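As stored in coords.txt (compact mmCIF, C-alpha atoms):
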# COMPACT_ATOMS: atom_id res chain seq x y z
CA MET U 1 -76.26 -61.63 81.69
CA ALA U 2 -72.87 -60.50 80.39
CA ARG U 3 -70.51 -59.35 83.11
CA PHE U 4 -67.98 -56.56 82.72
CA THR U 5 -65.74 -54.16 84.59
CA CYS U 6 -64.22 -50.72 83.96
CA ASP U 7 -61.56 -48.50 85.54
CA TRP U 8 -62.74 -45.09 84.36
CA ILE U 9 -65.20 -44.13 87.07
CA PHE U 10 -62.68 -45.17 89.72
CA LYS U 11 -59.90 -42.98 88.33
CA ILE U 12 -61.09 -40.31 85.88
CA MET U 13 -63.83 -37.79 85.17
CA VAL U 14 -64.48 -36.00 81.87
CA VAL U 15 -65.49 -32.33 81.90
CA LEU U 16 -67.15 -31.15 78.68
CA CYS U 17 -66.84 -27.59 77.47
CA ASP U 18 -70.36 -26.66 78.64
CA GLY U 19 -69.73 -27.92 82.18
CA LYS U 20 -71.45 -31.28 81.85
CA VAL U 21 -69.54 -34.10 83.55
CA VAL U 22 -69.46 -37.59 82.01
CA CYS U 23 -67.66 -40.80 82.84
CA GLY U 24 -65.48 -41.55 79.81
CA CYS U 25 -64.17 -40.25 76.52
CA ALA U 26 -66.55 -42.60 74.65
CA ASP U 27 -69.57 -40.39 75.36
CA PRO U 28 -69.16 -37.64 72.74
CA ARG U 29 -72.73 -36.33 73.01
CA GLY U 30 -72.87 -36.38 76.79
CA GLU U 31 -75.70 -38.89 76.84
CA ARG U 32 -74.64 -40.47 80.15
CA PRO U 33 -74.17 -37.45 82.43
CA LEU U 34 -73.00 -37.77 86.00
CA GLY U 35 -73.71 -34.15 86.83
CA HIS U 36 -73.18 -30.54 85.78
CA LEU U 37 -70.75 -27.96 87.18
CA ARG U 38 -73.40 -25.24 87.20
CA ASP U 39 -75.26 -27.26 89.84
CA THR U 40 -72.61 -29.27 91.67
CA ARG U 41 -68.91 -29.06 92.41
CA LEU U 42 -66.80 -31.63 90.61
CA THR U 43 -65.56 -33.13 93.88
CA ASP U 44 -69.16 -33.58 95.02
CA ILE U 45 -70.00 -35.38 91.78
CA TRP U 46 -66.92 -37.58 92.24
CA ARG U 47 -67.98 -38.47 95.80
CA GLY U 48 -71.73 -38.44 95.15
CA ASP U 49 -74.36 -41.16 95.43
CA LYS U 50 -74.74 -41.70 91.67
CA VAL U 51 -71.05 -42.31 91.10
CA ARG U 52 -70.74 -44.45 94.23
CA ARG U 53 -73.68 -46.60 93.07
CA ILE U 54 -72.08 -47.18 89.66
CA ARG U 55 -68.82 -48.21 91.35
CA GLN U 56 -70.71 -50.64 93.58
CA GLU U 57 -72.45 -52.13 90.55
CA LEU U 58 -69.18 -52.52 88.65
CA ASN U 59 -67.69 -54.30 91.66
CA ALA U 60 -70.60 -56.73 91.24
CA GLY U 61 -69.84 -57.16 87.52
CA PHE U 62 -72.66 -55.18 85.91
CA SER U 63 -74.02 -51.63 85.71
CA GLY U 64 -76.91 -50.56 83.53
CA PHE U 65 -75.32 -47.11 83.32
CA CYS U 66 -72.46 -48.59 81.28
CA LEU U 67 -74.43 -50.68 78.77
CA ASN U 68 -74.00 -48.30 75.83
CA CYS U 69 -70.36 -47.46 76.59
CA GLY U 70 -67.56 -48.93 74.51
CA LEU U 71 -64.99 -48.57 77.29
CA LYS U 72 -66.23 -51.40 79.50
CA LYS U 73 -64.15 -54.57 79.64
CA PRO U 74 -65.98 -57.92 79.29
CA LEU U 75 -65.20 -60.59 81.88
CA LYS U 76 -64.68 -64.21 80.90
CA GLU U 77 -66.81 -66.93 82.43
CA GLY U 78 -65.50 -67.64 85.91
CA GLU U 79 -63.18 -64.63 85.89
CA PRO U 80 -63.40 -62.76 89.22
CA VAL U 81 -64.64 -59.17 89.17
CA PRO U 82 -61.85 -56.72 90.07
CA GLN U 83 -62.67 -54.98 93.34
CA GLN U 84 -61.98 -51.26 93.66
CA PRO U 85 -62.76 -48.69 96.37
CA VAL U 86 -66.25 -47.20 96.23
CA ASP U 87 -65.52 -44.20 98.46
CA LEU U 88 -62.80 -42.05 96.93
CA GLU U 89 -61.91 -38.61 98.26
CA ILE U 90 -59.28 -37.41 95.81
CA LEU U 91 -59.96 -37.12 92.07
CA PRO U 92 -56.60 -37.98 90.44
CA ARG U 93 -57.26 -37.25 86.77
CA ILE U 94 -59.60 -35.39 84.44
CA PHE U 95 -60.11 -35.13 80.72
CA PHE U 96 -60.87 -31.46 80.13
CA GLU U 97 -62.56 -30.28 76.93
CA PRO U 98 -61.62 -26.64 76.20
CA THR U 99 -63.90 -26.59 73.15
CA VAL U 100 -65.94 -28.95 71.00
CA VAL U 101 -65.16 -26.97 67.83
CA CYS U 102 -62.62 -28.30 65.33
CA ASN U 103 -60.80 -26.64 62.43
CA LEU U 104 -60.74 -29.82 60.31
CA ASN U 105 -63.39 -32.01 58.75
CA CYS U 106 -62.05 -35.49 59.50
CA PHE U 107 -63.59 -38.28 57.43
CA GLN U 108 -66.74 -39.58 59.18
CA ALA U 109 -65.38 -38.46 62.56
CA VAL U 110 -67.89 -37.93 65.36
CA CYS U 111 -66.72 -34.34 65.85
CA ALA U 112 -66.63 -33.36 62.16
CA PRO U 113 -68.76 -30.40 61.04
CA GLY U 114 -72.18 -31.64 60.00
CA THR U 115 -72.44 -34.38 62.63
CA GLY U 116 -74.31 -32.08 64.98
CA LEU U 117 -71.89 -32.64 67.87
CA VAL U 118 -71.44 -28.93 68.51
CA ALA U 119 -75.21 -28.60 68.99
CA THR U 120 -75.06 -31.09 71.89
CA ARG U 121 -73.14 -28.52 73.99
CA GLU U 122 -74.86 -25.60 75.72
CA ARG U 123 -71.77 -23.52 74.92
CA LYS U 124 -68.80 -24.04 72.62
CA TYR U 125 -65.96 -22.86 74.88
CA PHE U 126 -65.10 -23.41 78.54
CA PRO U 127 -64.55 -19.98 80.18
CA PRO U 128 -60.99 -19.45 81.52
CA GLU U 129 -62.26 -18.00 84.79
CA GLU U 130 -64.31 -21.13 85.43
CA PHE U 131 -61.27 -23.22 84.56
CA ARG U 132 -59.23 -21.38 87.19
CA SER U 133 -61.98 -21.93 89.74
CA LEU U 134 -62.13 -25.61 88.87
CA LEU U 135 -58.39 -25.94 89.48
CA GLU U 136 -58.68 -24.14 92.81
CA GLU U 137 -61.11 -26.86 93.79
CA ILE U 138 -59.28 -29.96 92.54
CA GLY U 139 -55.74 -28.85 91.59
CA SER U 140 -53.93 -29.77 94.79
CA GLY U 141 -54.85 -33.45 94.50
CA LEU U 142 -54.91 -33.75 90.72
CA ILE U 143 -52.16 -35.96 89.26
CA ARG U 144 -52.91 -35.62 85.54
CA LEU U 145 -54.92 -33.28 83.33
CA ASP U 146 -55.63 -34.26 79.72
CA PHE U 147 -56.26 -30.94 77.97
CA PHE U 148 -58.44 -32.22 75.11
CA ASN U 149 -61.48 -34.34 74.39
CA TYR U 150 -63.62 -33.64 71.32
CA GLY U 151 -62.73 -30.67 69.14
CA GLU U 152 -59.30 -29.11 68.61
CA PRO U 153 -58.02 -27.60 71.89
CA PHE U 154 -56.18 -24.73 70.21
CA VAL U 155 -59.38 -23.47 68.60
CA HIS U 156 -60.04 -22.06 72.08
CA PRO U 157 -58.70 -18.49 71.99
CA GLN U 158 -57.31 -18.77 75.55
CA ALA U 159 -55.93 -22.32 75.30
CA LEU U 160 -52.33 -21.27 75.88
CA GLU U 161 -53.24 -19.04 78.83
CA MET U 162 -55.03 -22.00 80.43
CA ILE U 163 -52.04 -24.30 79.86
CA GLU U 164 -49.66 -21.71 81.29
CA HIS U 165 -51.92 -21.27 84.32
CA VAL U 166 -51.81 -24.98 85.10
CA LYS U 167 -48.02 -25.30 84.98
CA LYS U 168 -47.38 -22.01 86.80
CA ASN U 169 -49.74 -22.67 89.70
CA TYR U 170 -49.91 -26.49 89.80
CA PRO U 171 -46.54 -27.69 88.48
CA HIS U 172 -47.06 -31.15 90.02
CA ILE U 173 -49.88 -31.90 87.54
CA TYR U 174 -48.88 -33.96 84.51
CA LEU U 175 -50.32 -31.85 81.68
CA TYR U 176 -50.97 -33.51 78.33
CA THR U 177 -52.63 -32.38 75.13
CA SER U 178 -53.42 -33.88 71.73
CA THR U 179 -53.71 -31.63 68.68
CA ASN U 180 -53.81 -31.59 64.90
CA GLY U 181 -51.13 -28.90 65.22
CA LEU U 182 -52.36 -26.64 62.44
CA LEU U 183 -53.42 -23.65 64.54
CA LEU U 184 -49.99 -23.23 66.09
CA ASP U 185 -47.57 -20.57 64.87
CA ASP U 186 -44.03 -19.65 65.90
CA LYS U 187 -45.15 -17.47 68.83
CA LYS U 188 -47.61 -20.05 70.12
CA ILE U 189 -45.07 -22.83 69.73
CA SER U 190 -42.55 -20.88 71.76
CA ARG U 191 -45.11 -20.25 74.51
CA LEU U 192 -46.18 -23.88 74.50
CA ALA U 193 -42.60 -25.09 74.95
CA GLU U 194 -41.86 -22.52 77.65
CA SER U 195 -45.07 -23.34 79.54
CA GLY U 196 -43.57 -26.59 80.85
CA ILE U 197 -46.36 -28.77 79.43
CA ASP U 198 -45.35 -32.38 79.90
CA GLU U 199 -46.51 -34.05 76.69
CA VAL U 200 -47.88 -33.05 73.29
CA THR U 201 -49.28 -35.48 70.72
CA PHE U 202 -49.65 -34.53 67.07
CA SER U 203 -52.20 -36.47 65.01
CA VAL U 204 -50.53 -37.22 61.66
CA ASP U 205 -52.17 -40.07 59.75
CA GLY U 206 -50.02 -40.35 56.68
CA ALA U 207 -46.61 -39.57 55.23
CA ASP U 208 -47.61 -37.20 52.41
CA GLN U 209 -50.30 -34.61 51.75
CA ARG U 210 -52.59 -36.83 49.69
CA THR U 211 -52.64 -39.73 52.12
CA TYR U 212 -52.79 -37.55 55.24
CA ALA U 213 -55.71 -35.48 53.93
CA ARG U 214 -57.90 -38.49 53.14
CA TYR U 215 -58.81 -38.53 56.82
CA ARG U 216 -57.69 -35.07 58.04
CA GLN U 217 -59.70 -33.27 55.38
CA GLY U 218 -58.62 -29.66 55.09
CA GLY U 219 -55.25 -30.36 56.72
CA ASP U 220 -51.90 -29.01 55.50
CA PHE U 221 -49.25 -31.71 55.82
CA ALA U 222 -46.27 -29.45 55.13
CA LYS U 223 -47.41 -26.91 57.72
CA LEU U 224 -47.93 -29.64 60.27
CA LEU U 225 -44.41 -31.02 59.78
CA LYS U 226 -43.03 -27.49 60.07
CA ASN U 227 -44.87 -26.92 63.36
CA MET U 228 -43.73 -30.23 64.80
CA ALA U 229 -40.13 -29.45 63.90
CA ALA U 230 -40.46 -25.98 65.42
CA LEU U 231 -41.65 -27.41 68.75
CA VAL U 232 -38.75 -29.89 68.74
CA GLY U 233 -36.41 -26.96 68.07
CA GLU U 234 -37.85 -24.90 70.94
CA LYS U 235 -37.53 -27.82 73.32
CA ARG U 236 -33.87 -28.24 72.37
CA ARG U 237 -33.26 -24.51 72.75
CA LEU U 238 -34.60 -24.66 76.30
CA GLY U 239 -32.53 -27.75 77.09
CA ARG U 240 -35.47 -29.59 78.64
CA GLU U 241 -36.86 -33.09 78.35
CA VAL U 242 -40.37 -31.66 78.06
CA PRO U 243 -42.60 -31.46 76.21
CA PHE U 244 -42.36 -35.13 75.25
CA ILE U 245 -43.46 -35.00 71.61
CA ASN U 246 -45.46 -37.81 69.99
CA TRP U 247 -46.37 -38.40 66.35
CA ARG U 248 -49.51 -40.56 66.51
CA TYR U 249 -50.51 -42.22 63.24
CA ILE U 250 -53.94 -43.87 62.94
CA LEU U 251 -53.72 -46.84 60.59
CA PHE U 252 -56.38 -46.90 57.85
CA LYS U 253 -56.65 -49.07 54.76
CA TRP U 254 -55.13 -46.29 52.63
CA ASN U 255 -52.07 -45.52 54.80
CA ASP U 256 -51.01 -48.94 56.15
CA SER U 257 -48.58 -49.89 53.41
CA PHE U 258 -44.94 -50.64 54.16
CA LEU U 259 -43.88 -47.64 52.06
CA GLN U 260 -46.14 -45.16 53.87
CA MET U 261 -45.12 -46.41 57.30
CA ALA U 262 -41.42 -46.45 56.39
CA ARG U 263 -41.65 -42.89 55.09
CA ALA U 264 -43.35 -41.80 58.31
CA ARG U 265 -40.47 -43.32 60.26
CA ARG U 266 -37.93 -41.40 58.19
CA LEU U 267 -39.81 -38.12 58.54
CA ALA U 268 -40.32 -38.56 62.28
CA ALA U 269 -36.64 -39.33 62.79
CA LYS U 270 -35.62 -36.31 60.72
CA ILE U 271 -37.91 -33.98 62.65
CA GLY U 272 -36.67 -35.37 65.96
CA VAL U 273 -39.92 -36.23 67.72
CA ASP U 274 -39.58 -38.38 70.82
CA ARG U 275 -41.97 -41.08 69.70
CA LEU U 276 -43.82 -42.40 66.65
CA THR U 277 -46.70 -44.78 67.34
CA TRP U 278 -49.45 -46.45 65.36
CA GLU U 279 -53.06 -46.41 66.52
CA ILE U 280 -55.49 -49.21 65.69
CA THR U 281 -59.07 -48.10 65.07
CA ASP U 282 -62.41 -49.76 64.27
CA HIS U 283 -63.99 -46.66 62.71
CA PRO U 284 -64.97 -45.38 60.27
CA VAL U 285 -66.02 -48.90 59.28
CA GLY U 286 -65.18 -48.44 55.60
CA ALA U 287 -61.71 -47.10 56.38
CA VAL U 288 -60.44 -49.75 58.79
CA SER U 289 -57.04 -51.34 58.15
CA LYS U 290 -57.72 -55.05 57.78
CA LYS U 291 -54.00 -55.83 57.82
CA PHE U 292 -53.46 -54.52 61.34
CA GLN U 293 -56.58 -55.68 63.13
CA ILE U 294 -56.02 -56.85 66.69
CA GLY U 295 -54.56 -60.35 66.80
CA SER U 296 -53.36 -60.42 63.19
CA PRO U 297 -49.72 -61.36 62.40
CA ALA U 298 -49.04 -57.81 61.22
CA TRP U 299 -50.47 -56.41 64.47
CA LYS U 300 -48.27 -58.73 66.52
CA ARG U 301 -45.17 -57.53 64.66
CA ILE U 302 -45.79 -53.90 65.63
CA PHE U 303 -47.35 -54.57 69.05
CA TYR U 304 -44.76 -52.57 71.02
CA GLN U 305 -45.10 -49.69 68.57
CA ILE U 306 -48.87 -49.31 69.12
CA TRP U 307 -50.16 -46.29 71.02
CA ASP U 308 -52.14 -48.19 73.64
CA SER U 309 -49.48 -50.85 74.32
CA SER U 310 -47.33 -48.64 76.55
CA GLN U 311 -46.35 -45.07 77.33
CA ILE U 312 -42.86 -45.45 75.83
CA GLY U 313 -43.05 -47.88 72.89
CA SER U 314 -41.98 -46.37 69.59
CA ALA U 315 -41.66 -47.23 65.91
CA LEU U 316 -38.38 -45.29 65.82
CA LYS U 317 -35.38 -47.52 66.47
CA GLY U 318 -33.37 -44.56 67.65
CA LYS U 319 -36.02 -43.62 70.22
CA GLN U 320 -36.73 -46.95 71.89
CA TYR U 321 -36.28 -47.77 75.57
CA SER U 322 -34.41 -51.06 75.77
CA ALA U 323 -32.07 -52.44 78.42
CA ARG U 324 -29.82 -55.39 79.12
CA ILE U 325 -29.81 -56.26 82.83
CA GLN U 326 -27.27 -58.69 84.30
CA ILE U 327 -27.16 -59.95 87.88
CA GLY U 328 -24.85 -62.96 87.61
CA LYS U 329 -27.03 -65.29 89.65
CA THR U 330 -30.38 -67.03 89.36
CA GLY U 331 -31.21 -67.06 93.05
CA MET U 332 -30.27 -65.54 96.39
CA SER U 333 -31.23 -65.77 100.04
CA GLY U 334 -31.53 -63.39 102.93
CA GLN U 335 -32.41 -63.29 106.58
CA LEU U 336 -35.69 -62.13 108.03
CA GLY U 337 -35.69 -58.35 108.49
CA GLN U 338 -32.34 -57.93 106.72
CA LYS U 339 -31.59 -55.34 104.06
CA LEU U 340 -29.41 -56.42 101.16
CA VAL U 341 -27.36 -54.53 98.58
CA LEU U 342 -27.15 -56.03 95.11
CA GLU U 343 -24.82 -54.98 92.30
CA VAL U 344 -26.56 -55.01 88.92
CA ALA U 345 -24.97 -54.37 85.52
CA VAL U 346 -27.15 -52.44 83.08
CA GLN U 347 -26.67 -51.46 79.45
CA ASN U 348 -28.63 -48.97 77.37
CA ARG U 349 -29.55 -50.96 74.26
CA GLY U 350 -31.94 -48.37 72.86
CA GLY U 351 -31.38 -45.02 71.25
CA VAL U 352 -32.87 -42.86 74.00
CA SER U 353 -30.34 -41.39 76.41
CA TRP U 354 -31.10 -42.32 80.01
CA ILE U 355 -31.19 -39.08 81.98
CA THR U 356 -30.59 -38.84 85.74
CA GLN U 357 -32.26 -35.49 86.40
CA ALA U 358 -35.13 -33.66 84.75
CA TYR U 359 -36.73 -30.23 84.58
CA SER U 360 -40.15 -31.83 84.98
CA GLY U 361 -39.14 -34.21 87.76
CA ARG U 362 -40.15 -37.09 85.49
CA ARG U 363 -38.73 -39.36 82.80
CA TRP U 364 -35.37 -39.91 84.45
CA VAL U 365 -34.35 -43.55 84.28
CA ARG U 366 -33.78 -45.81 87.28
CA LEU U 367 -33.36 -49.50 87.97
CA GLY U 368 -36.33 -51.05 89.72
CA ALA U 369 -37.08 -54.31 91.49
CA GLN U 370 -40.64 -55.59 91.84
CA LEU U 371 -41.53 -58.13 94.55
CA TYR U 372 -43.63 -61.21 93.77
CA ASP U 373 -44.68 -64.23 95.82
CA ALA U 374 -43.61 -67.80 95.06
CA LYS U 375 -46.33 -68.13 92.39
CA LYS U 376 -45.31 -64.83 90.77
CA ASN U 377 -48.29 -62.87 92.06
CA LEU U 378 -47.33 -59.20 92.42
CA LEU U 379 -46.80 -58.02 96.00
CA ASP U 380 -45.03 -54.69 95.56
CA LEU U 381 -44.57 -52.95 92.20
CA ASN U 382 -42.18 -50.40 93.71
CA PHE U 383 -40.22 -52.65 96.05
CA ALA U 384 -36.82 -51.08 95.31
CA ARG U 385 -35.31 -48.35 93.12
CA ALA U 386 -31.75 -47.29 92.38
CA PHE U 387 -30.37 -44.22 90.64
CA LEU U 388 -27.90 -44.57 87.81
CA PRO U 389 -24.37 -43.37 88.63
CA ARG U 390 -24.45 -41.14 85.54
CA PRO U 391 -26.51 -40.56 82.38
CA LEU U 392 -26.16 -43.35 79.83
CA ALA U 393 -26.26 -42.88 76.07
CA GLY U 394 -27.11 -45.72 73.70
CA GLY U 395 -24.66 -48.62 74.08
CA GLU U 396 -23.18 -47.42 77.38
CA ARG U 397 -23.00 -49.58 80.51
CA ALA U 398 -22.92 -49.00 84.24
CA THR U 399 -23.02 -50.90 87.52
CA VAL U 400 -25.88 -49.96 89.81
CA LYS U 401 -26.06 -50.65 93.53
CA LEU U 402 -29.62 -51.56 94.47
CA GLU U 403 -30.66 -51.73 98.13
CA LEU U 404 -33.38 -54.29 98.76
CA PRO U 405 -35.67 -53.45 101.70
CA ALA U 406 -36.07 -55.90 104.54
CA ILE U 407 -38.79 -58.54 104.24
CA HIS U 408 -40.50 -59.49 107.49
CA ARG U 409 -42.11 -62.77 106.50
CA GLU U 410 -40.24 -65.98 105.77
CA GLY U 411 -40.80 -67.69 102.47
CA ASP U 412 -39.93 -67.93 98.80
CA TYR U 413 -40.24 -64.87 96.62
CA TRP U 414 -39.37 -63.64 93.16
CA LEU U 415 -37.73 -60.34 92.26
CA LYS U 416 -38.32 -58.91 88.79
CA PHE U 417 -35.73 -56.40 87.62
CA ASP U 418 -36.58 -53.78 85.01
CA MET U 419 -35.65 -50.22 84.10
CA VAL U 420 -38.28 -47.53 84.51
CA SER U 421 -38.77 -44.10 82.98
CA GLU U 422 -40.16 -42.43 86.07
CA GLY U 423 -43.63 -41.00 85.63
CA ALA U 424 -43.94 -42.70 82.23
CA ASP U 425 -43.64 -46.51 82.12
CA TRP U 426 -41.60 -49.63 82.77
CA PHE U 427 -39.30 -50.66 79.93
CA GLU U 428 -40.94 -54.11 79.80
CA ASN U 429 -44.11 -52.50 78.45
CA GLY U 430 -42.08 -51.23 75.51
CA GLY U 431 -40.68 -54.69 74.72
CA SER U 432 -37.47 -54.63 76.78
CA PRO U 433 -36.50 -57.96 78.48
CA VAL U 434 -36.61 -58.28 82.27
CA VAL U 435 -34.68 -60.49 84.67
CA TRP U 436 -36.26 -62.73 87.31
CA LEU U 437 -34.38 -63.75 90.46
CA ARG U 438 -35.57 -66.30 93.01
CA PHE U 439 -35.31 -64.91 96.55
CA THR U 440 -35.62 -66.98 99.74
CA VAL U 441 -36.09 -65.33 103.14
CA SER U 442 -35.48 -67.39 106.26
Please express the file's structure as structure tokens.
Amino acid sequence: MARFTCDWIFKIMVVLCDGKVVCGCADPRGERPLGHLRDTRLTDIWRGDKVRRIRQELNAGFSGFCLNCGLKKPLKEGEPVPQQPVDLEILPRIFFEPTVVCNLNCFQAVCAPGTGLVATRERKYFPPEEFRSLLEEIGSGLIRLDFFNYGEPFVHPQALEMIEHVKKNYPHIYLYTSTNGLLLDDKKISRLAESGIDEVTFSVDGADQRTYARYRQGGDFAKLLKNMAALVGEKRRLGREVPFINWRYILFKWNDSFLQMARARRLAAKIGVDRLTWEITDHPVGAVSKKFQIGSPAWKRIFYQIWDSSQIGSALKGKQYSARIQIGKTGMSGQLGQKLVLEVAVQNRGGVSWITQAYSGRRWVRLGAQLYDAKKNLLDLNFARAFLPRPLAGGERATVKLELPAIHREGDYWLKFDMVSEGADWFENGGSPVVWLRFTVS
């Protein structure tokens, strides 16, 4: 029997527009329901017997509930099954589907008109009053809300009101949406920027109208570029670091040429988006890019530019997070229970300015030290942090004083030094080099 694991049911729930609750985003028709909001509160589903049983089964390496799901992760022979808590009180993240309706007819997409996906929902739109009630129930503990699933979120006539409600009443929630961008206009773009939404992804799979529309059938490439540029302009007018604006480009066999990808880079840089990334897909089968399949040489060359590789990797050289970290030693020692202060030289070798304060309370850059044991097994991901003395533009340097907490057990350790965009990702995950330092405590 094949063994597998999965993180979704331990961390996330998906709420469909008709109130049905499913486990992951790979269940478009809601064929593996965990419950329904008309019958049960979301927190009760999260803590309920069915969900707990699935978690227990996954901790054992197999769950029949997950057999038809593409999100599960196979385990190699002899590989231990990751163990995660079965009883979880707080739901940290949801995918929320405002509507299943879309304004485009994407090529062989599961949510395209004619697939019958809309008919799988008991209603097409999630009522705003029920959305507010849902947030009253889970909002205080929620860390992230993904405001999309299947369908185009801005087809919902109250989408902006719902977004504004989240950021006004629950500003601690990281609010993210993904859109084809075509239903936005100047007024909506202004409201979206002013709402304080943390991140917006535009789906743009090509660098000209003909190529783009082969998948996004019915799409208007020029209008989309105009709307992206307008959101960038509104963000600059407000002087904020949010919304973080992504151009996400799915690679197909018709848009994976060097010329198309280079043109996309030029357009993205001209517009001023924060990030351009490529997405690798295995569907539709007849459209798959053979050049960039996982493991291929071409895929390896763009690995740190791929959407799923990190939260900060980018195909834009001027928008990459890269650092040079210098400590001046390969090892150090300390006494049991003693705090130490270490001077570390850092240089911004990417194009993104490292900010030291933020409207959103996220994405400022700090120096971090992670603690590992003698065999380089992680002990503490957030062992130490240090603020920069000032913002750093590309090429600039600074010396950072990092206080290392006391360690209360003798032995040999490793410290790994890396920069971090707080609330986003470590620089290492975007391809930036790290520094290891041997640390002996006696």
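The spacing separating atom CA of U:Leu371 from atom CA of U:Lys416 amounts to 6.6 Å.
Atom pair atom CA of U:Trp46 / atom CA of U:Glu136: separated by 15.8 Å.
Among U:Glu57, U:Glu234, U:Asp308, U:Glu410, the residue with the shortest atom-to-atom distance to U:Asp186, counting all atoms listed in the file, is U:Glu234.
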Close residues, U:Gly331 itself excluded, 9 Å, all atoms listed in the file, min 3 positions apart in chain, as a PyMOL selection string: chain U and resi 414+436-440
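Taking atom CA of U:Trp354 and atom CA of U:Ile189 as the two end points, the separation is 26.1 Å.
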With all atoms listed in the file counted, which protein, DNA or RNA residues have an atom no more than 12 Å from (-68.0, -28.2, 81.3) in the file frame? Please answer as a VMD selection string. chain U and resid 13 to 22 30 33 to 42 94 to 100 121 to 128 130 to 131 134 149
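Among U:Gly233, U:Leu251, U:Ala298, U:Glu77, the residue with the shortest atom-to-atom distance to U:Lys270, counting only C-alpha atoms, is U:Gly233.
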With distances taken over only C-alpha atoms, which of U:Thr177, U:Asn59, U:Asn169, U:Gln335 is nearest to U:Asp412?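 Result for the nearest residue to U:Asp412: U:Gln335.
In terms of minimum interatomic distance to U:Gln326, U:Ala398 ranks closest within U:Ala222, U:Leu182, U:Ile407, U:Ala398, counting all atoms listed in the file.
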Which protein, DNA or RNA residues have an atom at most 10 Å from (-55.1, -44.9, 65.5), counting only C-alpha atoms? List them as a PyMOL selection string. chain U and resi 203-205+248-252+277-283+288-289+306-308
Within 7 Å of U:Gly368 using all atoms listed in the file, minus same-chain residues under 4 positions, as a list in words: Ala384, Arg385, Ala386, Phe417, Asp418, Met419 and Val420 of chain U
Shell of 8 Å around U:Lys401, only C-alpha atoms, local chain residues under 4 positions omitted, as a PyMOL selection string: chain U and resi 341-344+386
